[in-house]
Every structure is written in C-alpha cells, then in structure tokens.
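Content type compact mmCIF, C-alpha atoms and all ligand atoms, from the file data13.txt:
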```txt
# COMPACT_ATOMS: atom_id res chain seq x y z
CA MET A 1 -43.23 -8.99 -16.99
CA ASP A 2 -44.86 -10.84 -19.91
CA LYS A 3 -47.74 -8.59 -21.07
CA THR A 4 -50.03 -11.41 -22.27
CA ALA A 5 -49.80 -12.90 -18.78
CA HIS A 6 -51.85 -10.02 -17.38
CA LYS A 7 -54.98 -11.31 -19.09
CA LYS A 8 -54.68 -14.74 -17.52
CA SER A 9 -56.61 -15.80 -14.47
CA ILE A 10 -54.36 -16.57 -11.51
CA ASN A 11 -55.88 -20.07 -11.52
CA ASP A 12 -54.10 -20.73 -14.83
CA PHE A 13 -50.74 -20.48 -13.08
CA GLY A 14 -51.20 -22.82 -10.14
CA LYS A 15 -49.66 -21.91 -6.80
CA PHE A 16 -46.05 -22.51 -7.75
CA GLY A 17 -46.46 -21.05 -11.22
CA LEU A 18 -47.83 -17.85 -9.69
CA VAL A 19 -44.97 -17.62 -7.20
CA ASN A 20 -42.48 -18.12 -10.05
CA HIS A 21 -44.23 -15.55 -12.23
CA LEU A 22 -44.36 -12.87 -9.54
CA THR A 23 -40.82 -13.37 -8.30
CA LYS A 24 -38.87 -14.21 -11.44
CA ASP A 25 -37.38 -10.70 -11.61
CA VAL A 26 -36.56 -10.51 -7.92
CA ARG A 27 -32.82 -10.22 -7.32
CA THR A 28 -31.12 -10.12 -3.96
CA GLY A 29 -28.50 -7.45 -3.37
CA ASN A 30 -27.45 -7.62 0.24
CA LYS A 31 -24.36 -9.63 1.12
CA THR A 32 -26.15 -11.03 4.13
CA THR A 33 -28.86 -12.65 1.96
CA ILE A 34 -27.57 -16.18 1.36
CA THR A 35 -30.76 -17.80 0.05
CA GLY A 36 -33.87 -15.94 -1.07
CA ILE A 37 -37.14 -17.23 -2.51
CA GLY A 38 -37.34 -20.91 -3.42
CA ASP A 39 -36.37 -22.98 -0.40
CA ASP A 40 -38.21 -23.86 2.82
CA SER A 41 -36.73 -20.83 4.60
CA ALA A 42 -34.78 -17.75 3.63
CA VAL A 43 -31.17 -17.88 4.83
CA VAL A 44 -29.47 -14.80 6.26
CA ASP A 45 -25.82 -14.54 7.25
CA SER A 46 -25.71 -13.41 10.85
CA GLY A 47 -21.97 -13.63 11.55
CA ASN A 48 -21.00 -16.90 13.14
CA ASN A 49 -24.29 -18.57 12.30
CA LEU A 50 -27.04 -18.49 9.73
CA THR A 51 -30.47 -17.12 10.56
CA LEU A 52 -33.44 -18.86 8.95
CA VAL A 53 -36.75 -17.08 8.38
CA SER A 54 -40.00 -18.45 7.05
CA THR A 55 -43.58 -17.26 6.96
CA ASP A 56 -46.94 -18.99 6.56
CA LEU A 57 -50.45 -17.68 6.03
CA LEU A 58 -53.65 -19.48 7.06
CA LEU A 59 -57.09 -18.29 6.00
CA GLU A 60 -60.43 -19.37 7.44
CA GLY A 61 -62.42 -21.23 4.81
CA ILE A 62 -59.30 -22.03 2.78
CA HIS A 63 -56.88 -23.67 5.20
CA PHE A 64 -59.20 -24.41 8.09
CA ASN A 65 -62.87 -24.80 8.87
CA LEU A 66 -63.80 -23.80 12.40
CA ILE A 67 -66.78 -26.15 12.43
CA TYR A 68 -64.45 -29.08 13.11
CA THR A 69 -61.17 -27.38 13.98
CA PRO A 70 -60.89 -26.52 17.68
CA LEU A 71 -59.11 -23.16 18.02
CA LYS A 72 -56.57 -24.65 20.39
CA HIS A 73 -55.60 -27.18 17.72
CA LEU A 74 -55.53 -24.47 15.09
CA GLY A 75 -53.06 -22.41 17.12
CA TYR A 76 -50.90 -25.48 17.66
CA LYS A 77 -50.90 -26.40 13.97
CA ALA A 78 -50.16 -22.83 12.85
CA VAL A 79 -46.90 -22.93 14.83
CA ILE A 80 -46.07 -26.44 13.56
CA ARG A 81 -46.50 -25.29 9.94
CA ALA A 82 -44.15 -22.39 10.45
CA ILE A 83 -41.36 -24.11 12.37
CA SER A 84 -41.48 -27.17 10.12
CA ASP A 85 -39.80 -25.06 7.42
CA ILE A 86 -36.91 -24.26 9.76
CA TYR A 87 -36.37 -27.95 10.59
CA ALA A 88 -36.54 -28.71 6.84
CA MET A 89 -33.31 -26.70 6.42
CA ASN A 90 -31.72 -28.68 9.29
CA GLY A 91 -32.08 -25.61 11.49
CA THR A 92 -33.37 -25.09 15.01
CA PRO A 93 -36.38 -22.82 15.44
CA GLY A 94 -36.07 -20.25 18.22
CA GLN A 95 -38.84 -17.70 17.80
CA VAL A 96 -42.23 -17.17 16.17
CA MET A 97 -44.28 -14.05 15.53
CA ILE A 98 -48.05 -14.17 15.06
CA ALA A 99 -50.04 -11.80 12.86
CA LEU A 100 -53.74 -12.28 13.53
CA GLY A 101 -56.78 -10.92 11.72
CA ILE A 102 -60.09 -11.51 13.57
CA SER A 103 -63.66 -10.48 12.98
CA SER A 104 -66.10 -9.46 15.71
CA LYS A 105 -67.82 -12.89 15.56
CA PHE A 106 -65.07 -14.23 17.84
CA LYS A 107 -65.37 -14.09 21.60
CA LEU A 108 -62.42 -13.48 23.89
CA ASP A 109 -62.33 -17.06 25.18
CA GLN A 110 -62.03 -18.35 21.60
CA VAL A 111 -59.00 -16.18 20.89
CA GLU A 112 -57.58 -17.28 24.24
CA ASP A 113 -57.99 -20.89 23.12
CA LEU A 114 -56.08 -20.12 19.93
CA TYR A 115 -53.22 -18.64 21.95
CA GLU A 116 -53.26 -21.58 24.34
CA GLY A 117 -52.59 -23.83 21.35
CA ILE A 118 -49.85 -21.51 20.11
CA SER A 119 -48.23 -21.57 23.56
CA LEU A 120 -48.45 -25.36 23.79
CA ALA A 121 -46.60 -25.82 20.49
CA CYS A 122 -44.03 -23.20 21.50
CA GLU A 123 -43.44 -25.01 24.78
CA LYS A 124 -43.13 -28.45 23.17
CA TYR A 125 -40.65 -27.30 20.51
CA HIS A 126 -38.79 -24.82 22.76
CA VAL A 127 -39.76 -21.80 20.70
CA ASP A 128 -40.48 -18.30 22.05
CA LEU A 129 -43.43 -16.21 20.92
CA VAL A 130 -41.74 -12.83 20.51
CA GLY A 131 -44.20 -10.55 18.76
CA GLY A 132 -46.73 -10.00 16.04
CA ASP A 133 -49.78 -7.92 15.28
CA ILE A 134 -53.55 -8.13 15.71
CA THR A 135 -56.02 -6.38 13.45
CA SER A 136 -59.75 -6.55 12.76
CA SER A 137 -61.00 -8.51 9.76
CA LEU A 138 -64.28 -8.31 7.87
CA THR A 139 -64.43 -11.90 6.79
CA GLY A 140 -63.13 -14.23 9.44
CA MET A 141 -59.83 -15.36 10.85
CA THR A 142 -56.41 -14.95 9.25
CA ILE A 143 -53.27 -16.24 10.91
CA GLY A 144 -49.80 -15.36 9.68
CA VAL A 145 -46.87 -17.00 11.43
CA THR A 146 -43.25 -16.00 10.91
CA SER A 147 -40.67 -18.38 12.27
CA ILE A 148 -37.03 -17.61 12.99
CA GLY A 149 -34.31 -20.18 13.52
CA THR A 150 -30.58 -20.76 13.36
CA ALA A 151 -28.24 -23.20 11.68
CA GLY A 152 -24.48 -23.66 11.62
CA LYS A 153 -22.87 -22.49 8.39
CA ASN A 154 -21.86 -26.04 7.44
CA ASN A 155 -25.04 -27.74 8.63
CA ILE A 156 -27.66 -26.18 6.42
CA ILE A 157 -29.44 -28.54 4.01
CA LYS A 158 -31.11 -27.05 0.95
CA ARG A 159 -33.45 -28.45 -1.67
CA ASN A 160 -30.88 -28.31 -4.45
CA GLY A 161 -28.19 -30.74 -3.26
CA ALA A 162 -29.52 -34.10 -4.48
CA ARG A 163 -27.39 -36.03 -6.99
CA PRO A 164 -28.20 -38.97 -9.30
CA ASN A 165 -28.16 -42.30 -7.41
CA ASP A 166 -28.84 -40.62 -4.05
CA LEU A 167 -31.34 -42.57 -1.95
CA ILE A 168 -34.72 -40.93 -1.42
CA CYS A 169 -35.66 -41.21 2.26
CA VAL A 170 -38.76 -40.29 4.25
CA THR A 171 -39.94 -40.25 7.84
CA GLY A 172 -43.36 -41.42 9.06
CA ASP A 173 -46.25 -42.14 6.71
CA PHE A 174 -48.27 -40.28 4.11
CA GLY A 175 -51.86 -39.44 3.29
CA ALA A 176 -53.21 -39.67 6.86
CA SER A 177 -53.76 -35.95 7.31
CA PHE A 178 -55.65 -35.71 4.01
CA MET A 179 -57.87 -38.68 4.86
CA GLY A 180 -58.50 -37.16 8.32
CA LEU A 181 -59.73 -34.03 6.56
CA GLN A 182 -61.97 -36.08 4.24
CA LEU A 183 -63.51 -37.80 7.25
CA LEU A 184 -64.13 -34.52 9.09
CA GLU A 185 -65.68 -33.06 5.94
CA ARG A 186 -67.93 -36.10 5.49
CA GLU A 187 -69.19 -35.85 9.06
CA ARG A 188 -69.76 -32.11 8.66
CA LYS A 189 -71.89 -32.70 5.57
CA LEU A 190 -73.88 -35.42 7.37
CA PHE A 191 -74.43 -33.01 10.22
CA VAL A 192 -75.71 -30.30 7.88
CA LYS A 193 -78.01 -32.79 6.13
CA ASP A 194 -79.40 -34.89 8.97
CA LYS A 195 -78.46 -32.88 12.07
CA VAL A 196 -76.68 -35.92 13.47
CA THR A 197 -75.11 -34.45 16.58
CA GLN A 198 -72.49 -37.09 17.28
CA PRO A 199 -69.95 -37.49 14.45
CA ASP A 200 -68.72 -41.05 14.03
CA LEU A 201 -64.95 -40.81 14.12
CA SER A 202 -64.23 -43.99 16.10
CA GLY A 203 -61.44 -46.16 14.76
CA PHE A 204 -59.91 -43.23 12.93
CA GLU A 205 -58.24 -41.38 15.79
CA TYR A 206 -54.83 -41.46 14.09
CA VAL A 207 -55.87 -39.76 10.85
CA ILE A 208 -57.87 -37.14 12.78
CA LYS A 209 -54.85 -36.40 14.96
CA ARG A 210 -52.62 -36.12 11.90
CA GLN A 211 -54.99 -33.51 10.47
CA LEU A 212 -55.75 -31.50 13.61
CA LYS A 213 -52.60 -31.81 15.73
CA PRO A 214 -49.57 -32.75 13.61
CA GLU A 215 -46.06 -33.12 15.01
CA ILE A 216 -42.60 -32.77 13.48
CA PRO A 217 -40.18 -35.77 13.37
CA VAL A 218 -37.45 -33.93 15.29
CA SER A 219 -36.10 -37.17 16.79
CA THR A 220 -35.12 -38.37 13.30
CA LEU A 221 -33.00 -35.26 12.78
CA ILE A 222 -31.27 -35.99 16.09
CA ASP A 223 -30.70 -39.64 15.09
CA LEU A 224 -29.26 -38.62 11.71
CA LYS A 225 -26.78 -36.34 13.48
CA LYS A 226 -25.88 -39.13 15.90
CA GLU A 227 -25.13 -41.49 12.99
CA GLU A 228 -23.25 -38.69 11.19
CA ILE A 229 -25.56 -38.92 8.21
CA ILE A 230 -25.74 -35.59 6.38
CA PRO A 231 -28.56 -35.47 3.82
CA THR A 232 -27.68 -33.92 0.45
CA SER A 233 -31.10 -32.25 0.17
CA MET A 234 -34.18 -31.93 2.36
CA ILE A 235 -37.76 -30.59 2.36
CA ASP A 236 -40.75 -30.90 4.68
CA VAL A 237 -43.75 -32.60 3.07
CA THR A 238 -46.55 -30.07 3.22
CA ASP A 239 -47.76 -29.84 -0.39
CA GLY A 240 -47.81 -33.61 -0.96
CA LEU A 241 -45.06 -36.21 -1.33
CA ALA A 242 -45.16 -36.02 -5.16
CA SER A 243 -45.10 -32.24 -5.32
CA ASP A 244 -42.35 -31.87 -2.72
CA LEU A 245 -40.22 -34.60 -4.28
CA LEU A 246 -40.50 -32.82 -7.63
CA HIS A 247 -39.37 -29.58 -5.95
CA ILE A 248 -36.15 -31.31 -4.90
CA CYS A 249 -35.70 -32.86 -8.36
CA LYS A 250 -36.24 -29.57 -10.14
CA LEU A 251 -33.85 -27.59 -7.96
CA SER A 252 -31.23 -30.35 -7.89
CA GLY A 253 -31.39 -31.04 -11.63
CA THR A 254 -32.25 -34.71 -11.12
CA CYS A 255 -35.12 -37.05 -11.86
CA CYS A 256 -36.45 -39.77 -9.57
CA ARG A 257 -37.81 -43.27 -9.25
CA ILE A 258 -39.80 -44.29 -6.20
CA PHE A 259 -41.40 -47.64 -5.51
CA TYR A 260 -45.12 -48.07 -4.94
CA SER A 261 -44.70 -50.71 -2.24
CA LYS A 262 -42.12 -48.63 -0.34
CA VAL A 263 -44.25 -45.52 0.24
CA PRO A 264 -45.31 -45.78 3.91
CA ILE A 265 -49.08 -45.56 4.41
CA ASP A 266 -50.77 -46.16 7.76
CA TYR A 267 -53.40 -48.89 8.05
CA GLU A 268 -56.08 -46.35 9.06
CA THR A 269 -55.32 -44.29 5.94
CA THR A 270 -55.68 -47.36 3.72
CA ARG A 271 -58.89 -48.47 5.43
CA LEU A 272 -60.46 -45.03 5.12
CA ALA A 273 -59.32 -44.56 1.52
CA GLU A 274 -61.02 -47.85 0.69
CA GLU A 275 -64.19 -46.59 2.38
CA PHE A 276 -64.01 -43.52 0.15
CA ASN A 277 -63.30 -45.70 -2.89
CA ILE A 278 -59.92 -44.17 -3.65
CA ASP A 279 -56.48 -45.71 -4.10
CA PRO A 280 -54.58 -44.98 -0.82
CA MET A 281 -51.61 -43.95 -2.97
CA THR A 282 -53.56 -40.88 -4.17
CA PRO A 283 -53.70 -39.15 -0.75
CA ALA A 284 -50.21 -40.48 0.03
CA LEU A 285 -48.72 -38.78 -3.04
CA ASN A 286 -50.94 -35.71 -3.30
CA GLY A 287 -52.64 -35.15 0.06
CA GLY A 288 -50.15 -32.87 1.77
CA GLU A 289 -49.86 -31.55 5.34
CA ASP A 290 -47.98 -34.70 6.38
CA PHE A 291 -45.22 -32.68 8.09
CA GLU A 292 -42.81 -35.52 7.45
CA LEU A 293 -39.28 -34.99 6.16
CA LEU A 294 -38.20 -36.01 2.68
CA PHE A 295 -34.46 -36.08 2.11
CA THR A 296 -31.72 -37.64 0.04
CA VAL A 297 -28.50 -39.32 1.14
CA PRO A 298 -25.60 -40.65 -0.96
CA LEU A 299 -25.92 -44.28 -2.09
CA GLU A 300 -22.89 -45.20 0.09
CA MET A 301 -25.11 -44.53 3.13
CA VAL A 302 -27.38 -47.46 2.28
CA GLU A 303 -26.27 -49.53 5.29
CA LYS A 304 -25.89 -46.59 7.65
CA ILE A 305 -29.40 -45.29 7.02
CA LYS A 306 -30.77 -48.62 8.27
CA LEU A 307 -29.47 -47.62 11.72
CA VAL A 308 -32.21 -44.97 11.88
CA PRO A 309 -35.40 -47.04 12.15
CA SER A 310 -37.73 -44.05 11.68
CA VAL A 311 -36.39 -43.57 8.14
CA LYS A 312 -37.61 -45.49 5.08
CA VAL A 313 -35.88 -45.53 1.71
CA ILE A 314 -38.55 -45.20 -0.99
CA GLY A 315 -36.45 -44.85 -4.14
CA HIS A 316 -33.50 -43.12 -5.72
CA MET A 317 -32.55 -40.12 -7.79
CA THR A 318 -31.78 -40.55 -11.47
CA THR A 319 -30.10 -38.40 -14.06
CA SER A 320 -31.76 -35.34 -15.52
CA GLY A 321 -34.11 -36.10 -18.41
CA SER A 322 -34.87 -39.68 -17.39
CA GLY A 323 -38.37 -38.85 -16.09
CA ASN A 324 -39.99 -39.04 -12.66
CA TYR A 325 -41.68 -42.36 -12.05
CA ILE A 326 -43.38 -44.47 -9.43
CA VAL A 327 -42.64 -48.14 -10.07
CA GLY A 328 -45.29 -50.77 -9.32
CA ASP A 329 -44.65 -54.28 -7.98
CA ASP A 330 -45.02 -55.64 -11.52
CA GLY A 331 -42.38 -53.23 -12.83
CA SER A 332 -44.90 -50.88 -14.46
CA GLU A 333 -43.95 -47.21 -14.35
CA VAL A 334 -46.36 -44.32 -13.83
CA GLU A 335 -45.18 -40.75 -14.18
CA ILE A 336 -45.23 -38.68 -10.99
CA THR A 337 -47.04 -35.39 -11.43
CA ALA A 338 -47.66 -32.57 -8.99
CA GLN A 339 -51.03 -31.03 -8.31
CA GLY A 340 -51.32 -27.38 -9.35
CA TRP A 341 -53.01 -25.11 -6.85
CA LYS A 342 -52.86 -27.00 -3.61
CA GLU A 343 -52.68 -25.92 -0.02
MG MG B 401 -41.65 -26.30 3.42
```
Represent the supplied structure as structure tokens.
Amino acid sequence: MDKTAHKKSINDFGKFGLVNHLTKDVRTGNKTTITGIGDDSAVVDSGNNLTLVSTDLLLEGIHFNLIYTPLKHLGYKAVIRAISDIYAMNGTPGQVMIALGISSKFKLDQVEDLYEGISLACEKYHVDLVGGDITSSLTGMTIGVTSIGTAGKNNIIKRNGARPNDLICVTGDFGASFMGLQLLERERKLFVKDKVTQPDLSGFEYVIKRQLKPEIPVSTLIDLKKEEIIPTSMIDVTDGLASDLLHICKLSGTCCRIFYSKVPIDYETTRLAEEFNIDPMTPALNGGEDFELLFTVPLEMVEKIKLVPSVKVIGHMTTSGSGNYIVGDDGSEVEITAQGWKE
C-alpha cells in the first residue's frame, strides 16, 4: 500500500475512496467467484445458477437514532437494506442472516420488537431468516445483515453494462427518505429544547414512511420481465441518485446527462424542502436511502419502456470524457458530483 496514505485521516478518503484504498490489492482466485468487490452483491457460481451475497452494517447513532426509530421499523428496514442489493442485480433474495450486537440497556421486549420487524420484512419479501449471531456491545446496538439470493446465469445485471446513448431510467421518487429524516431530527431537537411531547408530523406521512419503513419496487422488476426489457446496468439507490448514477458511469466507462425536470420528486418532499429552505433537488440527488432502482436500457427501448408506467426516463448515457451533467429547463448544465462520506 502507499506509505504516505498511512498518515492520512480516514475522513480524507470518503467512504468509497476508503473502500477502494483498502481493497485495491484484493484479487480473487477461486473459479466460483464470478464478481467480487464493487457491485451491489458478490456473485458466486453455484452450478446451474448464480448465488448472490451481500452484507450491510447498521450502527446506532450513525445509521439510526432510537429516539424516533421504533425497533420494529428498524428490523424491517435492516432486512430491506440487505435484500435491496440482491434485487439490484436482478436476483431473488432467499435468505438473510442477522448479526446483532446489543448493550444491557435493552429490554427483552425491545429486542423482540426488532425481530418482529425482521420477520415482517422476511414474510413480505418471501425471505427466510436462517441464522446469525448475537453478542453483547458496550456502546449500543449494531445490526449486520447478510442476504443471500439467486439469479439465472443469463439474467444477472451488473453496474458495468451501460453504453453511450442508453436511456437512464428510475422507479419511484427521490429525496423523500432524507426529508423524512430531517423532519424527525427537527422534532427531536424541539423536544429536547421545549419538551414538546407531541411531535408535529401531520401532512408528512409519506416522507416519514419512506424513512422509517421503505419498500423495494419489486413489481417494476416483474413488469420489465413481462415486457422483455433487459436493463444493461442496474443499481439500487441507497447512497443518493447522483452518487449511484456515477457508480454506474464509472464502472461502465460512460458519462451521463439527466434532466432537472425529469427527476421525480414527491409533492411532500418539495413542500418540506421549501420549509427547510433548500432546493428539493438537493435531497433528490444526494439524500440517499430511496431504495429505488436506477437502470439503463438501450435507446431502441424508448417506446417499450413507456409500457411500464412505474418507470421514468430521466436522461441518457454519453461517451466517456463528456462530463456528467444535470440539464436545467433553460438548457443550463450543472456538473453532477457525489457526496464523499455518506451513509
Ligand atoms: Mg446497493
């Protein structure tokens, strides 16, 4: 490894920079390892099919605050986060394993609530909880979820398959989860300051739900199959639309242009962003935890993709070196950049 790098703070790298730094010398040697680090899931050859494996870590105080996150919701979301990476490869999740670190501040009924949420998500997405580990923690709660899934050898969709002129497509809308979190944080601070017991969340049920109990757009994947549309690349939007789009561009060797007016943003997100005095496009591009799918399809699919109403085309891929831009209604172009250390 680069010796001068050892003196740097890990903050200088950013999340993705640190992952790249730590894993740049990692080589895979087993024939069964098809895809290693760098995509939504690892891909393992298991004979007739491919096995997909992904893991996610959630830390109290970093990824969740138990003051406004019910443990049942937390368990549900932990499973969603993990299986979302399997769907992002066009796979089907089958199993999850939970590694839990808990401190003595938790009571049994709280941990039961967490597992009730885990079970609910497993039931909804037809996934089995097949194992894990529980250990004591000094500082709070840690949840690690490993998800396992399968995909046919010809059905897998990676991040690196996009080509210039491909259409950039998305499901759902963006920025709602982030604004939900801002609202919960605001109410928490008000509570600490004034001891207001009843948080005022009325009119913002959608953004709260997007933050606390997200879902995965599985029906879109089914519709795409039905219309015989095979995306050239795909990723789940967890780090933010901008960041995840740039992941696809980087790995595919393309650049992109998306259109400001095409990025779907829910009315509640816009209304709340205005209340917070921020441009709704900021949480939409950089918020993260949307759990929507971002994928590309060949330009020839332009008519066919209209047959899937849950999908919106927001732009297109361009050739390498032409820059990544968001284009305003007046034709102005602003460069798309990714946030560094974001979770
Ligand atoms: Mg992912």
Exercise for review: Give the residues close to ligand MG 401 (chain B), within 8 Å, counting only C-alpha atoms and all ligand atoms; write them as a ChimeraX atom specification.
Suggested key: /A:39-41,84-85,88,235-238
Point to revise | Option closest in space to Gly101 (chain A), from A:Ala121, A:Leu190, A:Val145, A:Leu167 [counting only C-alpha atoms] | key: A:Val145
Review point. Excluding same-chain residues fewer than 4 positions from Tyr125 (chain A), what lies within 10 Å of it counting all atoms listed in the file, as a list in words?
Key: Val79, Ile80, Ile83, Thr92, Pro93, Gly94, Ser119, Leu120, Ala121, Glu215, Ile216 and Val218 of chain A
Once you count all atoms listed in the file, what closest atom pair and distance in Å to one decimal does each residue of region 192-255 of chain A within 9 Å of region 320-332 of chain A have, with rows by chain and rising residue number, as CSV?
```
residue,atom,partner,partner_atom,distance
A:Leu246,CA,A:Asn324,CA,8.0
A:Cys249,CA,A:Ser320,CA,8.5
A:Gly253,CA,A:Ser320,CA,5.8
A:Thr254,CA,A:Ser320,CA,4.5
A:Cys255,CA,A:Ser320,CA,5.3
```
Mind dumping the selected residues with C-alpha atoms as a short mmCIF file (atom, residue, chain, number, x, y, z; two decimals), in the coordinates of the input?
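The resulting file, part30.cif, is reproduced below:
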```
data_model
loop_
_atom_site.label_atom_id
_atom_site.label_comp_id
_atom_site.auth_asym_id
_atom_site.auth_seq_id
_atom_site.Cartn_x
_atom_site.Cartn_y
_atom_site.Cartn_z
CA LEU A 246 -40.50 -32.82 -7.63
CA CYS A 249 -35.70 -32.86 -8.36
CA GLY A 253 -31.39 -31.04 -11.63
CA THR A 254 -32.25 -34.71 -11.12
CA CYS A 255 -35.12 -37.05 -11.86
#
```
Check your understanding: Mind pulling up the distance from CA of Asp166 (chain A) to CA of Thr269 (chain A)?
Key -> 28.5 Å
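With CA of Met141 (chain A) on one side and CA of Ala78 (chain A) on the other, the separation reads 12.4 Å.
From CA of Glu185 (chain A) back to CA of Leu58 (chain A), the distance works out to 18.2 Å.
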Do a neighbour search on Leu183 (chain A) at 9 Å with all atoms listed in the file, toss out local chain neighbours closer than 5 positions, and write the hits as a compact mmCIF listing (two decimals) with C-alpha atoms, in the frame of the given file.
```txt
# COMPACT_ATOMS: atom_id res chain seq x y z
CA PHE A 178 -55.65 -35.71 4.01
CA ARG A 188 -69.76 -32.11 8.66
CA LEU A 201 -64.95 -40.81 14.12
CA PHE A 204 -59.91 -43.23 12.93
CA VAL A 207 -55.87 -39.76 10.85
CA ILE A 208 -57.87 -37.14 12.78
CA LEU A 272 -60.46 -45.03 5.12
```
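Nearest residue to Val170 (chain A) among A:Ile10, A:Val96, A:Met301, A:Met234 is A:Met234, counting all atoms listed in the file.
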Exercise for review: Would you please work out which residue, of A:Pro70, A:Pro298, A:Gly132, A:Pro214, is nearest to Asp113 (chain A) when using all atoms listed in the file?
Suggested key: A:Pro70
Practice item. Rank nothing, just name the residue among A:Tyr206, A:Phe259, A:Phe291, A:Phe64 nearest to Gly240 (chain A), using only C-alpha atoms. Key: A:Phe291
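Using all atoms listed in the file, the smallest distance between any of A:Tyr87, A:Lys72, A:Val313, A:Asp56 and Ala99 (chain A) comes from A:Asp56.
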